[in-house]
$ cat data_5.pdb   # PDB, C-alpha atoms
ATOM      1  CA  MET A 208     127.427  62.856 -55.508
ATOM      2  CA  THR A 209     129.416  63.226 -52.306
ATOM      3  CA  GLY A 210     131.731  60.285 -51.935
ATOM      4  CA  ARG A 211     132.463  59.830 -55.644
ATOM      5  CA  THR A 212     134.414  61.728 -58.266
ATOM      6  CA  ALA A 213     132.484  64.534 -59.915
ATOM      7  CA  ARG A 214     132.967  65.601 -63.529
ATOM      8  CA  ILE A 215     133.200  69.378 -63.688
ATOM      9  CA  LEU A 216     133.204  71.638 -66.745
ATOM     10  CA  VAL A 217     135.059  74.936 -66.255
ATOM     11  CA  VAL A 218     134.093  77.625 -68.771
ATOM     12  CA  ASP A 219     136.355  80.689 -68.894
ATOM     13  CA  ASP A 220     137.976  82.451 -71.836
ATOM     14  CA  ASP A 221     141.044  83.251 -69.729
ATOM     15  CA  PRO A 222     143.241  80.130 -70.015
ATOM     16  CA  MET A 223     145.211  81.037 -66.887
ATOM     17  CA  VAL A 224     142.067  81.288 -64.739
ATOM     18  CA  ALA A 225     140.716  78.017 -66.146
ATOM     19  CA  GLU A 226     144.025  76.246 -65.490
ATOM     20  CA  VAL A 227     144.228  77.433 -61.870
ATOM     21  CA  VAL A 228     140.618  76.478 -61.166
ATOM     22  CA  ALA A 229     141.088  73.071 -62.788
ATOM     23  CA  ARG A 230     144.225  72.372 -60.756
ATOM     24  CA  PHE A 231     142.511  73.113 -57.440
ATOM     25  CA  LEU A 232     139.448  71.038 -58.315
ATOM     26  CA  GLU A 233     141.595  68.128 -59.473
ATOM     27  CA  ARG A 234     143.363  68.200 -56.099
ATOM     28  CA  ASP A 235     139.968  67.395 -54.573
ATOM     29  CA  GLY A 236     139.731  64.332 -56.789
ATOM     30  CA  HIS A 237     137.381  65.702 -59.466
ATOM     31  CA  VAL A 238     137.676  65.142 -63.197
ATOM     32  CA  VAL A 239     137.874  68.576 -64.812
ATOM     33  CA  GLU A 240     137.344  69.641 -68.418
ATOM     34  CA  CYS A 241     137.849  73.204 -69.655
ATOM     35  CA  ALA A 242     136.113  75.143 -72.422
ATOM     36  CA  GLY A 243     137.321  78.523 -73.661
ATOM     37  CA  ASP A 244     134.077  79.862 -75.113
ATOM     38  CA  GLY A 245     130.339  79.524 -74.749
ATOM     39  CA  ALA A 246     129.728  77.656 -77.999
ATOM     40  CA  GLU A 247     132.211  74.913 -77.111
ATOM     41  CA  ALA A 248     130.876  74.732 -73.552
ATOM     42  CA  LEU A 249     127.270  74.437 -74.687
ATOM     43  CA  GLU A 250     128.116  71.691 -77.181
ATOM     44  CA  ARG A 251     129.930  69.670 -74.511
ATOM     45  CA  ALA A 252     127.313  70.246 -71.816
ATOM     46  CA  LEU A 253     124.391  69.257 -74.052
ATOM     47  CA  ALA A 254     126.143  66.169 -75.389
ATOM     48  CA  ASP A 255     127.210  64.892 -71.976
ATOM     49  CA  PRO A 256     125.963  67.020 -69.047
ATOM     50  CA  PRO A 257     128.609  67.461 -66.346
ATOM     51  CA  ASP A 258     127.958  67.014 -62.641
ATOM     52  CA  LEU A 259     128.647  70.728 -62.184
ATOM     53  CA  LEU A 260     129.453  73.748 -64.336
ATOM     54  CA  VAL A 261     131.802  76.580 -63.299
ATOM     55  CA  LEU A 262     130.778  79.364 -65.661
ATOM     56  CA  ASP A 263     132.284  82.796 -66.266
ATOM     57  CA  LEU A 264     129.483  85.276 -66.982
ATOM     58  CA  ALA A 265     131.729  87.577 -69.043
ATOM     59  CA  LEU A 266     132.388  85.153 -71.888
ATOM     60  CA  SER A 267     133.442  86.571 -75.230
ATOM     61  CA  GLY A 268     131.226  85.495 -78.107
ATOM     62  CA  ALA A 269     128.544  83.774 -76.038
ATOM     63  CA  ASP A 270     126.915  85.245 -72.983
ATOM     64  CA  GLY A 271     127.163  83.130 -69.838
ATOM     65  CA  LEU A 272     123.567  83.856 -68.886
ATOM     66  CA  ARG A 273     122.267  82.611 -72.236
ATOM     67  CA  LEU A 274     124.392  79.488 -71.918
ATOM     68  CA  CYS A 275     123.020  78.784 -68.446
ATOM     69  CA  GLY A 276     119.448  79.345 -69.623
ATOM     70  CA  ARG A 277     119.876  77.015 -72.605
ATOM     71  CA  LEU A 278     121.341  74.310 -70.382
ATOM     72  CA  ARG A 279     118.384  74.628 -68.005
ATOM     73  CA  GLU A 280     115.972  74.246 -70.946
ATOM     74  CA  HIS A 281     117.854  71.149 -72.139
ATOM     75  CA  ASP A 282     117.688  69.593 -68.661
ATOM     76  CA  ARG A 283     113.911  70.138 -68.526
ATOM     77  CA  GLU A 284     113.381  68.812 -72.056
ATOM     78  CA  HIS A 285     115.164  65.572 -71.127
ATOM     79  CA  GLY A 286     113.466  65.131 -67.768
ATOM     80  CA  ARG A 287     116.628  65.721 -65.747
ATOM     81  CA  GLY A 288     117.151  67.791 -62.678
ATOM     82  CA  PRO A 289     118.997  71.068 -63.280
ATOM     83  CA  THR A 290     122.759  70.802 -63.761
ATOM     84  CA  PRO A 291     124.379  72.666 -60.846
ATOM     85  CA  VAL A 292     126.033  75.927 -61.913
ATOM     86  CA  ILE A 293     128.498  78.166 -60.068
ATOM     87  CA  MET A 294     128.877  81.514 -61.818
ATOM     88  CA  LEU A 295     131.990  83.671 -61.810
ATOM     89  CA  THR A 296     131.225  87.396 -61.812
ATOM     90  CA  THR A 297     133.319  90.550 -61.792
ATOM     91  CA  LEU A 298     133.752  92.617 -58.643
ATOM     92  CA  GLY A 299     130.815  94.983 -58.079
ATOM     93  CA  ALA A 300     128.616  93.510 -60.837
ATOM     94  CA  GLU A 301     125.638  93.028 -58.502
ATOM     95  CA  ILE A 302     123.133  93.013 -61.355
ATOM     96  CA  ASP A 303     125.020  90.083 -62.931
ATOM     97  CA  ARG A 304     124.838  88.140 -59.676
ATOM     98  CA  VAL A 305     121.124  88.780 -59.251
ATOM     99  CA  VAL A 306     120.271  87.955 -62.863
ATOM    100  CA  GLY A 307     122.511  84.906 -62.670
ATOM    101  CA  LEU A 308     120.681  83.609 -59.612
ATOM    102  CA  GLU A 309     117.337  84.293 -61.275
ATOM    103  CA  THR A 310     118.502  82.265 -64.274
ATOM    104  CA  GLY A 311     119.001  79.331 -61.934
ATOM    105  CA  ALA A 312     122.630  79.432 -60.808
ATOM    106  CA  ASP A 313     123.273  77.572 -57.561
ATOM    107  CA  ASP A 314     126.058  79.858 -56.361
ATOM    108  CA  TYR A 315     128.379  82.629 -57.503
ATOM    109  CA  VAL A 316     131.961  83.668 -56.771
ATOM    110  CA  THR A 317     133.249  87.187 -57.404
ATOM    111  CA  LYS A 318     136.476  87.807 -59.340
ATOM    112  CA  PRO A 319     139.204  88.115 -58.206
ATOM    113  CA  PHE A 320     138.604  85.059 -56.051
ATOM    114  CA  SER A 321     140.487  82.530 -53.968
ATOM    115  CA  PRO A 322     140.693  79.197 -55.842
ATOM    116  CA  ARG A 323     140.449  77.428 -52.485
ATOM    117  CA  GLU A 324     137.198  79.270 -51.714
ATOM    118  CA  LEU A 325     135.818  78.271 -55.119
ATOM    119  CA  ALA A 326     136.782  74.642 -54.463
ATOM    120  CA  LEU A 327     134.940  74.761 -51.135
ATOM    121  CA  ARG A 328     131.885  76.267 -52.821
ATOM    122  CA  VAL A 329     132.006  73.461 -55.390
ATOM    123  CA  GLN A 330     132.070  70.867 -52.607
ATOM    124  CA  ALA A 331     129.105  72.547 -50.896
ATOM    125  CA  VAL A 332     127.015  72.588 -54.092
ATOM    126  CA  LEU A 333     127.898  68.961 -54.846
ATOM    127  CA  ARG A 334     126.752  67.986 -51.350
ATOM    128  CA  ARG A 335     123.478  69.858 -51.778
ATOM    129  CA  THR A 336     122.762  68.270 -55.149
ATOM    130  CA  GLY A 337     123.991  64.755 -54.309
ATOM    131  CA  ALA A 338     122.013  61.555 -54.739
ATOM    132  CA  VAL A 339     121.614  61.366 -50.952
ATOM    133  CA  ALA A 340     119.966  64.516 -49.687
ATOM    134  CA  PRO A 341     121.863  66.042 -46.744
ATOM    135  CA  LEU A 342     118.675  67.004 -44.948
ATOM    136  CA  GLY A 343     117.794  63.445 -43.962
ATOM    137  CA  ALA A 344     114.994  61.171 -45.078
ATOM    138  CA  GLY A 345     111.345  62.091 -44.781
ATOM    139  CA  VAL A 346     108.365  63.811 -46.315
ATOM    140  CA  LEU A 347     107.376  67.350 -45.344
ATOM    141  CA  ALA A 348     103.872  68.519 -46.197
ATOM    142  CA  ASP A 349     101.612  71.522 -45.797
ATOM    143  CA  GLY A 350      98.216  71.151 -47.402
ATOM    144  CA  ASP A 351      98.709  70.487 -51.121
ATOM    145  CA  LEU A 352     102.452  71.241 -50.914
ATOM    146  CA  VAL A 353     104.552  68.081 -50.451
ATOM    147  CA  LEU A 354     108.352  67.917 -50.259
ATOM    148  CA  ASP A 355     110.029  64.505 -50.393
ATOM    149  CA  VAL A 356     113.572  64.737 -49.049
ATOM    150  CA  GLY A 357     114.478  61.216 -50.121
ATOM    151  CA  THR A 358     113.569  61.673 -53.791
ATOM    152  CA  HIS A 359     114.371  65.409 -53.835
ATOM    153  CA  GLU A 360     110.946  66.167 -55.328
ATOM    154  CA  VAL A 361     108.336  68.820 -54.577
ATOM    155  CA  ARG A 362     104.694  68.644 -55.615
ATOM    156  CA  LEU A 363     102.000  71.292 -55.436
ATOM    157  CA  ALA A 364      98.406  70.163 -55.938
ATOM    158  CA  GLY A 365      99.774  66.946 -57.443
ATOM    159  CA  ARG A 366     102.023  68.679 -59.961
ATOM    160  CA  GLU A 367     105.801  68.482 -59.746
ATOM    161  CA  VAL A 368     107.516  71.793 -58.991
ATOM    162  CA  ASP A 369     110.902  72.335 -60.642
ATOM    163  CA  LEU A 370     113.237  73.735 -57.969
ATOM    164  CA  THR A 371     116.970  74.333 -58.002
ATOM    165  CA  ALA A 372     118.988  72.626 -55.268
ATOM    166  CA  ARG A 373     119.214  75.883 -53.337
ATOM    167  CA  GLU A 374     115.473  76.553 -53.582
ATOM    168  CA  PHE A 375     114.762  72.984 -52.436
ATOM    169  CA  ASP A 376     117.008  73.357 -49.369
ATOM    170  CA  LEU A 377     115.429  76.700 -48.482
ATOM    171  CA  LEU A 378     111.885  75.343 -48.732
ATOM    172  CA  ALA A 379     112.793  72.242 -46.707
ATOM    173  CA  HIS A 380     114.310  74.382 -43.955
ATOM    174  CA  LEU A 381     111.234  76.603 -43.773
ATOM    175  CA  LEU A 382     108.861  73.631 -43.750
ATOM    176  CA  ARG A 383     110.835  72.051 -40.914
ATOM    177  CA  ASN A 384     110.525  75.242 -38.875
ATOM    178  CA  PRO A 385     106.997  76.616 -39.410
ATOM    179  CA  ARG A 386     106.187  80.048 -37.960
ATOM    180  CA  GLN A 387     109.807  80.579 -36.913
ATOM    181  CA  VAL A 388     111.278  83.860 -38.118
ATOM    182  CA  PHE A 389     114.699  83.756 -39.797
ATOM    183  CA  SER A 390     116.874  86.699 -40.740
ATOM    184  CA  ARG A 391     118.572  86.624 -44.127
ATOM    185  CA  SER A 392     121.960  86.064 -42.516
ATOM    186  CA  ALA A 393     120.536  83.179 -40.462
ATOM    187  CA  LEU A 394     119.192  81.529 -43.620
ATOM    188  CA  LEU A 395     122.560  81.949 -45.354
ATOM    189  CA  ASN A 396     124.219  80.178 -42.443
ATOM    190  CA  GLN A 397     121.632  77.540 -41.526
ATOM    191  CA  VAL A 398     120.530  76.515 -45.027
ATOM    192  CA  TRP A 399     123.752  76.812 -47.034
ATOM    193  CA  GLY A 400     126.423  76.878 -44.346
ATOM    194  CA  TRP A 401     127.787  80.301 -45.258
ATOM    195  CA  SER A 402     129.367  82.328 -42.463
ATOM    196  CA  PHE A 403     129.559  85.261 -44.890
ATOM    197  CA  GLY A 404     127.804  86.273 -48.090
ATOM    198  CA  ASP A 405     125.458  88.704 -49.797
ATOM    199  CA  SER A 406     121.979  88.696 -48.229
ATOM    200  CA  SER A 407     120.510  89.514 -51.658
ATOM    201  CA  THR A 408     121.107  85.823 -52.413
ATOM    202  CA  VAL A 409     118.345  84.965 -49.932
ATOM    203  CA  THR A 410     116.057  87.704 -51.264
ATOM    204  CA  VAL A 411     116.378  86.385 -54.827
ATOM    205  CA  HIS A 412     115.670  82.791 -53.834
ATOM    206  CA  VAL A 413     112.705  83.688 -51.664
ATOM    207  CA  ARG A 414     111.221  85.573 -54.622
ATOM    208  CA  ARG A 415     111.839  82.657 -56.981
ATOM    209  CA  LEU A 416     110.399  80.183 -54.489
ATOM    210  CA  ARG A 417     107.270  82.286 -54.051
ATOM    211  CA  GLU A 418     106.775  82.323 -57.820
ATOM    212  CA  LYS A 419     106.711  78.523 -57.760
ATOM    213  CA  VAL A 420     104.715  77.663 -54.621
ATOM    214  CA  GLU A 421     102.452  80.648 -53.969
ATOM    215  CA  THR A 422      99.059  81.115 -55.618
ATOM    216  CA  ASP A 423      99.762  84.863 -55.750
ATOM    217  CA  PRO A 424     103.487  85.628 -55.331
ATOM    218  CA  ALA A 425     102.669  89.308 -54.813
ATOM    219  CA  GLU A 426     100.516  88.376 -51.787
ATOM    220  CA  PRO A 427     102.326  85.327 -50.364
ATOM    221  CA  ARG A 428     100.483  83.194 -47.798
ATOM    222  CA  ARG A 429     103.163  80.599 -47.091
ATOM    223  CA  ILE A 430     106.528  82.398 -47.215
ATOM    224  CA  VAL A 431     105.784  85.582 -45.327
ATOM    225  CA  THR A 432     108.003  88.644 -44.947
ATOM    226  CA  VAL A 433     108.505  89.864 -41.396
ATOM    227  CA  TRP A 434     109.470  93.457 -42.043
ATOM    228  CA  GLY A 435     112.779  94.502 -40.560
ATOM    229  CA  VAL A 436     113.592  90.925 -39.535
ATOM    230  CA  GLY A 437     113.390  88.354 -42.351
ATOM    231  CA  TYR A 438     111.007  85.549 -43.340
ATOM    232  CA  ARG A 439     108.854  82.823 -41.804
ATOM    233  CA  TYR A 440     106.817  79.931 -43.177
ATOM    234  CA  GLU A 441     103.111  80.154 -42.375
ATOM    235  CA  PRO A 442     101.270  76.802 -42.766
ATOM    236  CA  VAL A 443      98.094  76.957 -44.824
ATOM    237  CA  GLY A 444      97.069  73.280 -44.613
TER     238      GLY A 444
END

$ encode --input "data_5.pdb" --output "structure tokens"
Amino acid sequence: MTGRTARILVVDDDPMVAEVVARFLERDGHVVECAGDGAEALERALADPPDLLVLDLALSGADGLRLCGRLREHDREHGRGPTPVIMLTTLGAEIDRVVGLETGADDYVTKPFSPRELALRVQAVLRRTGAVAPLGAGVLADGDLVLDVGTHEVRLAGREVDLTAREFDLLAHLLRNPRQVFSRSALLNQVWGWSFGDSSTVTVHVRRLREKVETDPAEPRRIVTVWGVGYRYEPVG
């Protein structure tokens, strides 16, 4: 997606916020549509999925989390990869951020926010979910777990594993660096290029990744916790 215009759907029931966000994204060359409520946003997104969704969690009438979950279901039903989602949350609503990430959001920005920061986050997510993977070509494998960077696919025991763009990048980074221990802040920086951020983002994605690639997520063999430090990937193949 990098290198071409992206179509972005901004969903916020505050017209002023939506207008400001749209203006900044249009400055970056994107085509921006705005929806003022969840029902309108869902109808548009299902009829013609955007390249990326900027979604306010605190929508009146339709909950942002339900909208995101329904869009994810629609993507799976039609054999598409997940539509990238950046969620807007209110200051201090940590539970919203965590639940949002568990629903499959690719990133979140806390209100009040800098429109320029949001635009940069949009660019970062578009790069991560582009047609050309930023990690470089190649296949990474450990036993029955195979990650194809070129096709952006992961298979476990021959079955395709449905990962978000952020989960894919995290797994690829760990597979490239087996047995190396990474702190949460190091993973934020090295995987997603964040010089700041909430380390709970890493915790949530490690948990989600374990649920998808571990035989027993409660007793992980591949993605191991190093207490007091962070995580490492332990090859099993």

$ atom_distance --input "data_5.pdb" --atom1 "CA of His285 in chain A" --atom2 "CA of Asp219 in chain A"
26.1 Å

$ resolve_selection --input "data_5.pdb" --expression "the PyMOL selection byres ((chain A and resi 292) around 8)" --output "VMD selection string"
chain A and resid 259 to 262 275 290 to 291 293 to 294 311 to 314

$ resolve_selection --input "data_5.pdb" --expression "the PyMOL selection byres ((chain A and resi 243) around 10)" --output "PyMOL selection string"
chain A and resi 217-222+225+241-242+244-248+263+266-267

$ resolve_selection --input "data_5.pdb" --expression "the PyMOL selection byres ((chain A and resi 437) around 9)" --output "list of chain:residue names"
A:Val388, A:Phe389, A:Ser390, A:Arg391, A:Ser392, A:Val431, A:Thr432, A:Val433, A:Trp434, A:Gly435, A:Val436, A:Tyr438, A:Arg439

$ closest_residue --input "data_5.pdb" --among "A:Arg251, A:Ser321, A:Leu394, A:Asn384" --to "Ser406 in chain A" --atoms "all atoms listed in the file"
A:Leu394

$ atom_distance --input "data_5.pdb" --atom1 "CA of Leu272 in chain A" --atom2 "CA of Arg234 in chain A"
28.3 Å

$ atom_distance --input "data_5.pdb" --atom1 "CA of Pro257 in chain A" --atom2 "CA of Leu216 in chain A"
6.2 Å

$ closest_residue --input "data_5.pdb" --among "A:Arg277, A:Arg230, A:Arg366, A:His359" --to "Arg323 in chain A" --atoms "only C-alpha atoms"
A:Arg230

$ closest_residue --input "data_5.pdb" --among "A:Leu370, A:Leu295, A:Val346, A:Ala379" --to "Phe320 in chain A" --atoms "all atoms listed in the file"
A:Leu295

$ closest_residue --input "data_5.pdb" --among "A:Arg415, A:Asp349, A:Arg334, A:Leu249" --to "Glu280 in chain A" --atoms "only C-alpha atoms"
A:Leu249

$ closest_residue --input "data_5.pdb" --among "A:Leu377, A:Val409, A:Leu416, A:Met223" --to "Arg335 in chain A" --atoms "all atoms listed in the file"
A:Leu377

$ residues_around --input "data_5.pdb" --residues "Trp399 in chain A" --least-positions-apart "4" --cutoff "8 Å" --atoms "all atoms listed in the file" --output "mmCIF file with C-alpha atoms, in the frame of the given file"
data_model
loop_
_atom_site.group_PDB
_atom_site.id
_atom_site.type_symbol
_atom_site.label_atom_id
_atom_site.label_comp_id
_atom_site.auth_asym_id
_atom_site.auth_seq_id
_atom_site.Cartn_x
_atom_site.Cartn_y
_atom_site.Cartn_z
ATOM 1 C CA ALA A 331 129.105 72.547 -50.896
ATOM 2 C CA ARG A 373 119.214 75.883 -53.337
ATOM 3 C CA ASP A 376 117.008 73.357 -49.369
ATOM 4 C CA LEU A 394 119.192 81.529 -43.620
ATOM 5 C CA LEU A 395 122.560 81.949 -45.354
#

$ decode --input "data_5.pdb" --residues "range 352-414 of chain A" --atoms "C-alpha atoms" --output "PDB file, in the first residue's frame"
ATOM      1  CA  LEU A 352       5.346 -23.293  11.999  1.00  0.00           C
ATOM      2  CA  VAL A 353       6.069 -21.539   8.681  1.00  0.00           C
ATOM      3  CA  LEU A 354       5.984 -17.783   8.061  1.00  0.00           C
ATOM      4  CA  ASP A 355       6.185 -16.531   4.474  1.00  0.00           C
ATOM      5  CA  VAL A 356       7.204 -12.875   4.421  1.00  0.00           C
ATOM      6  CA  GLY A 357       6.553 -12.487   0.707  1.00  0.00           C
ATOM      7  CA  THR A 358       2.938 -13.678   0.811  1.00  0.00           C
ATOM      8  CA  HIS A 359       2.324 -12.457   4.380  1.00  0.00           C
ATOM      9  CA  GLU A 360       1.013 -15.897   5.373  1.00  0.00           C
ATOM     10  CA  VAL A 361       1.598 -18.100   8.409  1.00  0.00           C
ATOM     11  CA  ARG A 362       0.881 -21.819   8.569  1.00  0.00           C
ATOM     12  CA  LEU A 363       0.908 -24.160  11.538  1.00  0.00           C
ATOM     13  CA  ALA A 364       0.846 -27.891  10.821  1.00  0.00           C
ATOM     14  CA  GLY A 365      -0.309 -27.053   7.294  1.00  0.00           C
ATOM     15  CA  ARG A 366      -3.207 -24.866   8.397  1.00  0.00           C
ATOM     16  CA  GLU A 367      -3.263 -21.132   7.750  1.00  0.00           C
ATOM     17  CA  VAL A 368      -3.101 -18.982  10.885  1.00  0.00           C
ATOM     18  CA  ASP A 369      -5.070 -15.727  10.781  1.00  0.00           C
ATOM     19  CA  LEU A 370      -2.803 -13.005  12.197  1.00  0.00           C
ATOM     20  CA  THR A 371      -3.208  -9.248  12.308  1.00  0.00           C
ATOM     21  CA  ALA A 372      -0.433  -7.191  10.715  1.00  0.00           C
ATOM     22  CA  ARG A 373       1.013  -6.410  14.134  1.00  0.00           C
ATOM     23  CA  GLU A 374       0.972 -10.055  15.237  1.00  0.00           C
ATOM     24  CA  PHE A 375       2.645 -11.063  11.959  1.00  0.00           C
ATOM     25  CA  ASP A 376       5.448  -8.510  12.426  1.00  0.00           C
ATOM     26  CA  LEU A 377       5.992  -9.602  16.027  1.00  0.00           C
ATOM     27  CA  LEU A 378       6.206 -13.287  15.110  1.00  0.00           C
ATOM     28  CA  ALA A 379       8.557 -12.557  12.198  1.00  0.00           C
ATOM     29  CA  HIS A 380      10.866 -10.551  14.456  1.00  0.00           C
ATOM     30  CA  LEU A 381      10.984 -13.318  17.055  1.00  0.00           C
ATOM     31  CA  LEU A 382      11.596 -16.006  14.435  1.00  0.00           C
ATOM     32  CA  ARG A 383      14.458 -13.970  12.986  1.00  0.00           C
ATOM     33  CA  ASN A 384      16.062 -13.716  16.420  1.00  0.00           C
ATOM     34  CA  PRO A 385      15.621 -17.096  18.153  1.00  0.00           C
ATOM     35  CA  ARG A 386      16.650 -17.364  21.815  1.00  0.00           C
ATOM     36  CA  GLN A 387      17.330 -13.625  22.009  1.00  0.00           C
ATOM     37  CA  VAL A 388      15.578 -11.904  24.899  1.00  0.00           C
ATOM     38  CA  PHE A 389      13.667  -8.691  24.152  1.00  0.00           C
ATOM     39  CA  SER A 390      12.165  -6.289  26.653  1.00  0.00           C
ATOM     40  CA  ARG A 391       8.699  -4.937  25.938  1.00  0.00           C
ATOM     41  CA  SER A 392      10.102  -1.500  25.159  1.00  0.00           C
ATOM     42  CA  ALA A 393      12.633  -3.048  22.759  1.00  0.00           C
ATOM     43  CA  LEU A 394       9.843  -4.865  20.911  1.00  0.00           C
ATOM     44  CA  LEU A 395       7.811  -1.649  20.678  1.00  0.00           C
ATOM     45  CA  ASN A 396      10.797   0.060  19.090  1.00  0.00           C
ATOM     46  CA  GLN A 397      12.263  -2.716  16.938  1.00  0.00           C
ATOM     47  CA  VAL A 398       9.032  -4.255  15.630  1.00  0.00           C
ATOM     48  CA  TRP A 399       6.758  -1.222  15.262  1.00  0.00           C
ATOM     49  CA  GLY A 400       9.195   1.679  15.324  1.00  0.00           C
ATOM     50  CA  TRP A 401       7.722   3.338  18.405  1.00  0.00           C
ATOM     51  CA  SER A 402      10.084   5.397  20.549  1.00  0.00           C
ATOM     52  CA  PHE A 403       7.272   5.698  23.106  1.00  0.00           C
ATOM     53  CA  GLY A 404       4.111   3.779  23.924  1.00  0.00           C
ATOM     54  CA  ASP A 405       2.278   1.579  26.400  1.00  0.00           C
ATOM     55  CA  SER A 406       4.100  -1.714  27.030  1.00  0.00           C
ATOM     56  CA  SER A 407       0.716  -3.394  27.592  1.00  0.00           C
ATOM     57  CA  THR A 408       0.426  -3.302  23.789  1.00  0.00           C
ATOM     58  CA  VAL A 409       3.209  -5.899  23.607  1.00  0.00           C
ATOM     59  CA  THR A 410       1.699  -7.970  26.425  1.00  0.00           C
ATOM     60  CA  VAL A 411      -1.666  -8.141  24.640  1.00  0.00           C
ATOM     61  CA  HIS A 412      -0.140  -9.162  21.318  1.00  0.00           C
ATOM     62  CA  VAL A 413       2.112 -11.786  22.849  1.00  0.00           C
ATOM     63  CA  ARG A 414      -0.950 -13.314  24.521  1.00  0.00           C
TER      64      ARG A 414
END
